[in-house]
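Shown next: final-v4.cif, containing mmCIF, C-alpha atoms.
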```
data_input
loop_
_atom_site.label_atom_id
_atom_site.label_comp_id
_atom_site.auth_asym_id
_atom_site.auth_seq_id
_atom_site.Cartn_x
_atom_site.Cartn_y
_atom_site.Cartn_z
CA MET A 18 -13.77 16.80 23.54
CA SER A 19 -11.80 13.55 23.56
CA THR A 20 -10.67 11.84 20.36
CA ALA A 21 -9.22 8.36 19.87
CA PHE A 22 -6.19 9.40 17.80
CA ILE A 23 -4.66 6.93 15.35
CA CYS A 24 -0.93 6.65 14.69
CA ALA A 25 -0.33 7.35 11.00
CA THR A 26 2.71 5.05 10.89
CA CYS A 27 1.46 1.81 12.44
CA GLY A 28 -2.29 2.47 12.39
CA THR A 29 -2.83 1.86 16.12
CA GLN A 30 -5.76 3.67 17.71
CA HIS A 31 -4.99 5.11 21.16
CA ALA A 32 -7.22 5.84 24.14
CA PRO A 33 -9.41 8.95 23.74
CA ALA A 34 -7.73 12.18 24.81
CA ALA A 35 -8.07 15.92 24.28
CA ALA A 36 -4.83 16.03 22.26
CA PRO A 37 -2.71 13.49 20.36
CA PRO A 38 -0.28 11.47 22.49
CA SER A 39 3.29 12.71 22.64
CA SER A 40 4.49 9.44 21.13
CA CYS A 41 3.38 6.00 19.94
CA ALA A 42 4.96 3.33 22.12
CA ILE A 43 4.49 0.71 19.42
CA CYS A 44 6.42 2.77 16.86
CA GLU A 45 9.16 3.71 19.33
CA ASP A 46 9.77 0.03 20.07
CA PRO A 47 12.82 -1.17 18.06
CA ARG A 48 10.64 -3.60 16.09
CA GLN A 49 8.89 -0.63 14.46
CA TRP A 50 9.98 2.88 13.46
CA VAL A 51 9.18 6.58 13.71
CA PRO A 52 9.36 8.62 10.47
CA ALA A 53 12.19 11.10 10.08
CA ALA A 54 9.60 13.90 10.08
CA GLY A 55 8.34 12.76 13.46
CA GLN A 56 5.21 11.16 14.82
CA GLN A 57 2.01 11.94 12.91
CA TRP A 58 -1.59 11.38 14.01
CA THR A 59 -4.97 11.09 12.33
CA THR A 60 -8.55 10.23 13.30
CA MET A 61 -11.27 7.86 12.17
CA ASP A 62 -13.17 10.74 10.55
CA ALA A 63 -10.09 11.91 8.67
CA LEU A 64 -9.35 8.40 7.45
CA ALA A 65 -12.93 8.00 6.21
CA ARG A 66 -12.52 11.10 4.02
CA ARG A 67 -9.42 9.75 2.28
CA HIS A 68 -9.79 5.96 2.40
CA ALA A 69 -12.34 3.21 1.96
CA ILE A 70 -12.46 -0.46 2.85
CA GLY A 71 -12.47 -2.89 -0.05
CA TRP A 72 -13.48 -6.56 0.07
CA ARG A 73 -12.27 -9.59 -1.88
CA GLU A 74 -13.00 -13.29 -1.71
CA VAL A 75 -9.67 -14.89 -0.82
CA ALA A 76 -10.97 -18.48 -0.71
CA PRO A 77 -14.33 -20.15 -0.07
CA ASP A 78 -15.70 -18.84 3.25
CA LEU A 79 -12.68 -16.53 3.59
CA LEU A 80 -13.10 -12.85 2.81
CA GLY A 81 -10.38 -10.23 2.95
CA CYS A 82 -10.88 -6.56 3.78
CA GLY A 83 -8.30 -3.82 3.55
CA MET A 84 -7.92 -0.07 3.23
CA PHE A 85 -7.62 1.60 -0.16
CA PRO A 86 -5.36 3.45 -0.70
CA ASP A 87 -2.94 1.76 1.67
CA PHE A 88 -2.53 3.12 5.17
CA GLY A 89 0.01 2.38 7.89
CA ILE A 90 1.49 -1.10 7.50
CA ALA A 91 -1.12 -1.87 4.80
CA GLN A 92 -2.15 -5.26 6.16
CA ARG A 93 -5.55 -6.67 5.31
CA ALA A 94 -7.86 -8.48 7.71
CA LEU A 95 -9.59 -11.79 7.03
CA LEU A 96 -13.15 -12.79 7.86
CA VAL A 97 -13.32 -16.54 8.51
CA ARG A 98 -16.88 -17.79 7.98
CA THR A 99 -17.98 -20.94 9.80
CA PRO A 100 -21.36 -22.55 10.57
CA ALA A 101 -20.85 -21.55 14.22
CA GLY A 102 -20.07 -17.89 13.48
CA ASN A 103 -17.53 -15.58 11.91
CA VAL A 104 -14.07 -14.69 13.20
CA LEU A 105 -12.22 -11.55 12.14
CA TRP A 106 -8.50 -12.25 11.92
CA ASP A 107 -6.29 -9.20 12.39
CA CYS A 108 -7.72 -5.71 11.97
CA VAL A 109 -7.42 -2.42 10.10
CA ALA A 110 -7.54 1.19 11.26
CA LEU A 111 -10.73 2.23 9.47
CA LEU A 112 -14.29 1.09 10.13
CA ASP A 113 -16.90 2.66 7.87
CA PRO A 114 -20.70 2.32 7.67
CA ALA A 115 -20.53 0.22 4.50
CA THR A 116 -18.31 -2.33 6.22
CA VAL A 117 -20.62 -2.49 9.23
CA ALA A 118 -23.56 -3.18 6.89
CA ILE A 119 -21.63 -5.81 4.92
CA VAL A 120 -20.42 -7.69 7.99
CA LYS A 121 -23.82 -7.64 9.66
CA ALA A 122 -25.39 -9.00 6.47
CA LEU A 123 -22.83 -11.82 6.60
CA GLY A 124 -23.87 -12.75 10.12
CA GLY A 125 -21.74 -10.40 12.19
CA ILE A 126 -18.58 -11.30 14.09
CA SER A 127 -18.40 -13.78 16.96
CA ALA A 128 -14.83 -12.85 17.90
CA ILE A 129 -11.85 -10.81 16.72
CA ALA A 130 -8.42 -12.43 17.04
CA ILE A 131 -5.20 -10.55 16.29
CA SER A 132 -1.75 -11.91 15.55
CA HIS A 133 0.35 -9.21 17.27
CA PRO A 134 0.39 -5.53 18.31
CA HIS A 135 1.23 -4.08 14.89
CA TYR A 136 -2.26 -5.12 13.75
CA TYR A 137 -4.26 -4.09 16.81
CA ALA A 138 -5.34 -1.07 14.74
CA SER A 139 -8.87 0.10 15.68
CA MET A 140 -9.85 -3.20 17.28
CA VAL A 141 -11.99 -1.53 19.96
CA GLU A 142 -14.11 0.26 17.33
CA TRP A 143 -14.70 -3.04 15.55
CA ALA A 144 -15.52 -4.88 18.79
CA ARG A 145 -18.06 -2.25 19.81
CA ALA A 146 -19.68 -2.17 16.37
CA PHE A 147 -20.23 -5.94 16.35
CA ASP A 148 -20.62 -6.51 20.11
CA CYS A 149 -17.89 -9.14 20.20
CA PRO A 150 -14.70 -9.83 22.17
CA VAL A 151 -11.15 -9.19 21.01
CA LEU A 152 -8.88 -12.15 21.80
CA LEU A 153 -5.25 -11.24 22.48
CA HIS A 154 -2.46 -13.26 23.99
CA ALA A 155 -1.70 -12.09 27.52
CA ALA A 156 2.05 -11.93 26.82
CA ASP A 157 1.39 -8.81 24.70
CA ARG A 158 -0.87 -7.07 27.20
CA ARG A 159 1.50 -4.11 27.61
CA TRP A 160 1.07 -3.10 23.95
CA VAL A 161 -2.66 -2.39 24.18
CA MET A 162 -2.89 1.35 23.62
CA ARG A 163 -6.67 1.58 24.04
CA PRO A 164 -7.88 -0.63 26.92
CA ASP A 165 -11.50 -1.74 26.77
CA PRO A 166 -13.73 -4.35 28.44
CA ALA A 167 -14.12 -6.05 25.04
CA ILE A 168 -10.47 -7.15 25.15
CA ARG A 169 -10.05 -10.67 26.52
CA PHE A 170 -6.55 -11.96 27.22
CA TRP A 171 -5.84 -15.65 26.84
CA GLU A 172 -2.85 -17.53 28.16
CA GLY A 173 -0.97 -20.69 27.34
CA GLU A 174 -0.17 -22.21 23.96
CA ALA A 175 -3.61 -22.68 22.37
CA HIS A 176 -7.10 -21.25 22.68
CA GLY A 177 -10.28 -22.49 21.01
CA VAL A 178 -12.46 -19.78 19.45
CA LEU A 179 -15.16 -21.70 17.58
CA PRO A 180 -15.41 -25.32 16.41
CA GLY A 181 -12.59 -25.76 13.91
CA VAL A 182 -10.98 -22.40 14.73
CA THR A 183 -8.08 -22.39 17.22
CA LEU A 184 -5.45 -19.83 18.13
CA HIS A 185 -1.86 -20.95 18.72
CA ARG A 186 0.89 -18.93 20.34
CA LEU A 187 3.85 -19.03 17.98
CA GLY A 188 5.93 -16.25 19.54
CA GLY A 189 8.95 -14.99 17.65
CA HIS A 190 8.12 -11.50 16.38
CA TYR A 191 6.37 -10.84 19.72
CA ALA A 192 6.18 -13.03 22.80
CA GLY A 193 2.46 -13.46 22.28
CA GLY A 194 2.68 -13.78 18.49
CA THR A 195 -0.39 -15.76 17.43
CA ILE A 196 -1.55 -17.71 14.41
CA LEU A 197 -5.04 -19.00 13.65
CA HIS A 198 -5.60 -22.61 12.61
CA TRP A 199 -8.73 -23.21 10.54
CA ALA A 200 -9.58 -26.90 10.22
CA ALA A 201 -12.10 -26.64 7.37
CA GLY A 202 -11.28 -28.57 4.20
CA GLN A 203 -7.59 -29.38 3.92
CA GLY A 204 -6.87 -26.94 6.73
CA ALA A 205 -5.23 -23.52 6.73
CA ILE A 206 -3.17 -21.28 8.95
CA LEU A 207 -3.60 -17.50 9.08
CA THR A 208 -0.25 -16.12 10.15
CA GLY A 209 -0.12 -12.33 9.78
CA ASP A 210 3.64 -11.82 9.66
CA ILE A 211 4.41 -14.09 12.60
CA ALA A 212 5.29 -16.62 9.90
CA SER A 213 5.34 -14.20 6.99
CA VAL A 214 4.62 -15.44 3.47
CA THR A 215 7.44 -14.19 1.25
CA PRO A 216 6.99 -12.47 -2.14
CA ASP A 217 7.78 -15.69 -4.02
CA ARG A 218 4.72 -17.27 -2.36
CA ARG A 219 6.66 -20.50 -1.90
CA HIS A 220 8.17 -19.81 1.51
CA VAL A 221 7.60 -18.10 4.83
CA SER A 222 10.15 -16.30 6.95
CA PHE A 223 10.58 -15.09 10.49
CA MET A 224 11.95 -11.85 11.94
CA TRP A 225 12.10 -10.06 15.26
CA SER A 226 11.88 -6.77 13.35
CA PHE A 227 10.92 -6.68 9.68
CA PRO A 228 11.44 -2.94 8.97
CA ASN A 229 14.77 -2.88 10.84
CA TRP A 230 15.97 -6.27 9.53
CA VAL A 231 16.62 -7.95 12.87
CA PRO A 232 16.38 -11.76 12.57
CA LEU A 233 15.30 -14.26 15.20
CA PRO A 234 17.72 -16.81 16.67
CA ALA A 235 17.84 -20.20 14.95
CA ALA A 236 16.69 -21.95 18.13
CA GLU A 237 13.56 -19.78 18.32
CA VAL A 238 12.64 -20.52 14.71
CA ALA A 239 13.23 -24.22 15.30
CA ARG A 240 10.79 -24.06 18.22
CA MET A 241 8.25 -22.21 16.06
CA GLY A 242 8.71 -24.78 13.32
CA ALA A 243 7.93 -27.59 15.74
CA VAL A 244 4.63 -25.91 16.65
CA LEU A 245 3.73 -25.51 12.98
CA GLU A 246 4.71 -29.11 12.24
CA GLY A 247 2.12 -30.28 14.77
CA LEU A 248 -0.77 -28.67 12.87
CA ASP A 249 -2.66 -30.06 9.88
CA TYR A 250 -2.96 -27.50 7.07
CA ASP A 251 -2.47 -27.01 3.37
CA ALA A 252 -2.90 -23.26 2.82
CA VAL A 253 -1.05 -20.35 4.44
CA TYR A 254 -2.54 -16.86 4.49
CA GLY A 255 -0.13 -14.05 5.33
CA ALA A 256 -0.78 -10.42 6.17
CA TRP A 257 -1.14 -8.89 2.68
CA TRP A 258 -3.34 -9.55 -0.32
CA ASP A 259 -0.74 -11.33 -2.44
CA ARG A 260 1.01 -13.20 0.40
CA VAL A 261 -0.79 -16.54 0.14
CA ILE A 262 0.40 -20.10 -0.34
CA PRO A 263 -2.84 -21.73 -1.56
CA ALA A 264 -1.62 -25.34 -1.49
CA GLY A 265 1.37 -27.29 -0.25
CA GLY A 266 1.77 -24.85 2.62
CA LYS A 267 2.93 -27.32 5.25
CA ALA A 268 5.80 -28.57 3.10
CA ALA A 269 6.67 -24.97 2.20
CA VAL A 270 6.82 -24.01 5.87
CA ARG A 271 8.96 -27.03 6.72
CA THR A 272 11.43 -26.15 3.96
CA SER A 273 11.38 -22.50 5.02
CA VAL A 274 12.26 -23.33 8.62
CA GLU A 275 15.17 -25.49 7.47
CA ARG A 276 16.40 -22.77 5.10
CA TYR A 277 16.19 -20.10 7.78
CA ILE A 278 18.17 -22.14 10.29
CA GLN A 279 20.85 -22.88 7.69
CA ALA A 280 21.06 -19.19 6.82
CA VAL A 281 21.60 -17.94 10.37
CA ALA A 282 23.38 -20.91 11.92
CA GLY A 283 25.28 -22.22 8.91
CA PRO A 284 26.18 -23.59 6.56
CA GLY A 285 24.26 -20.94 4.63
CA PRO A 286 21.86 -21.83 1.81
CA LEU A 287 23.34 -19.45 -0.77
CA THR A 288 25.15 -20.70 -3.85
CA GLU A 289 26.89 -18.89 -6.67
#
```

I need this file expressed as structure tokens, please.
Amino acid sequence: MSTAFICATCGTQHAPAAAPPSSCAICEDPRQWVPAAGQQWTTMDALARRHAIGWREVAPDLLGCGMFPDFGIAQRALLVRTPAGNVLWDCVALLDPATVAIVKALGGISAIAISHPHYYASMVEWARAFDCPVLLHAADRRWVMRPDPAIRFWEGEAHGVLPGVTLHRLGGHYAGGTILHWAAGQGAILTGDIASVTPDRRHVSFMWSFPNWVPLPAAEVARMGAVLEGLDYDAVYGAWWDRVIPAGGKAAVRTSVERYIQAVAGPGPLTE
């Protein structure tokens, strides 16, 4: 009997097999890590016995869902609700019957879009449950651990999903690192950790590897900043529940880009 095993460190579901994979390519990549005790695996059924999915309203027409207790990288996904349909931004490893019922009652999902491979999670399970495509940037094709016809690769710098919802390739953390621009109201960007909201909730930052503390070059962050400067938005929604800049986000991002470049290229921003 084949099982789609899930990496316990990054939460990525792999293609069904009779036994767990010998390794997780995403965790062995230097942007991620393998625990000192070695690679560990779990399954959807095992997760469902120990975890549940909780929901919160993050903002009007924006619902967050995440696993409790935390699992893997502990990101939460966001359900963007629009008159033309709903978009799931990023993903989590668990999908339970309650979540399927909740999402279907909310109108289902028109598309799933994911910022980068660390949050691919159980995207195929979600796509099959809601009969929708998964939109990934083609530059990150090699990191798909469970291929499926539901996965649609897009290329270039921007891709429209629904009216008012557009994906933009920002790069940086991964070549295909993506953010979602939501035009409703004053506008918002959903960034995962491609432009990661910092704990002070007044800045974002950029890294090639967050767990291994490897920064990006100043020139790359300047390029990313130029892309962000070209978008209209006020709010910034990062990858975790408390990583949100609810207002003044564009100015915060502009300041953050300048601070980052000063820190890595000099003169540094630190003072005594």

### Task
Compile the contact shell of A:Ala32 as a PyMOL selection string: residues with an atom at most 7 Å away, counting all atoms listed in the file, same-chain residues fewer than 6 positions apart removed.
chain A and resi 21+162-163

### Message
Given the PyMOL selection byres ((chain A and resi 44-49) around 9) and the file above, list the residues it selects as a list in words.
### Response
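Given this file, the PyMOL selection byres ((chain A and resi 44-49) around 9) evaluates to Cys24, Thr26, Cys27, Ser40, Cys41, Ala42, Ile43, Trp50, Val51, Gln56, His135, His190, Trp225, Ser226, Phe227, Pro228, Asn229, Trp230 and Val231 of chain A.
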
#### Entry: Result set of the PyMOL selection byres ((chain A and resi 109) around 12) on the coordinates above, as a VMD selection string
chain A and resid 23 27 to 30 61 64 68 to 71 81 to 85 87 to 95 105 to 108 110 to 113 116 129 131 134 to 143 256 to 257

### Task
Rank nothing, just name the residue among A:Val253, A:Val281, A:Leu197, A:Ala118 nearest to A:Ala239, using only C-alpha atoms.
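Of the candidates, the smallest distance to A:Ala239 is held by A:Val281.
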
### Task
Give me the residues within 12 Å of A:Phe223 as a ChimeraX atom specification, counting all atoms listed in the file and dropping any in the same chain fewer than 3 places off.
/A:187-191,194,208-215,220,226-227,230-242,255,270,273-278,280-281

Residue selection dump (C-alpha atoms) as a compact mmCIF listing (two decimals), keeping the file's coordinate frame:
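Writing done, so here's result29.txt:
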```txt
# COMPACT_ATOMS: atom_id res chain seq x y z
CA LEU A 187 3.85 -19.03 17.98
CA GLY A 188 5.93 -16.25 19.54
CA GLY A 189 8.95 -14.99 17.65
CA HIS A 190 8.12 -11.50 16.38
CA TYR A 191 6.37 -10.84 19.72
CA GLY A 194 2.68 -13.78 18.49
CA THR A 208 -0.25 -16.12 10.15
CA GLY A 209 -0.12 -12.33 9.78
CA ASP A 210 3.64 -11.82 9.66
CA ILE A 211 4.41 -14.09 12.60
CA ALA A 212 5.29 -16.62 9.90
CA SER A 213 5.34 -14.20 6.99
CA VAL A 214 4.62 -15.44 3.47
CA THR A 215 7.44 -14.19 1.25
CA HIS A 220 8.17 -19.81 1.51
CA SER A 226 11.88 -6.77 13.35
CA PHE A 227 10.92 -6.68 9.68
CA TRP A 230 15.97 -6.27 9.53
CA VAL A 231 16.62 -7.95 12.87
CA PRO A 232 16.38 -11.76 12.57
CA LEU A 233 15.30 -14.26 15.20
CA PRO A 234 17.72 -16.81 16.67
CA ALA A 235 17.84 -20.20 14.95
CA ALA A 236 16.69 -21.95 18.13
CA GLU A 237 13.56 -19.78 18.32
CA VAL A 238 12.64 -20.52 14.71
CA ALA A 239 13.23 -24.22 15.30
CA ARG A 240 10.79 -24.06 18.22
CA MET A 241 8.25 -22.21 16.06
CA GLY A 242 8.71 -24.78 13.32
CA GLY A 255 -0.13 -14.05 5.33
CA VAL A 270 6.82 -24.01 5.87
CA SER A 273 11.38 -22.50 5.02
CA VAL A 274 12.26 -23.33 8.62
CA GLU A 275 15.17 -25.49 7.47
CA ARG A 276 16.40 -22.77 5.10
CA TYR A 277 16.19 -20.10 7.78
CA ILE A 278 18.17 -22.14 10.29
CA ALA A 280 21.06 -19.19 6.82
CA VAL A 281 21.60 -17.94 10.37
```
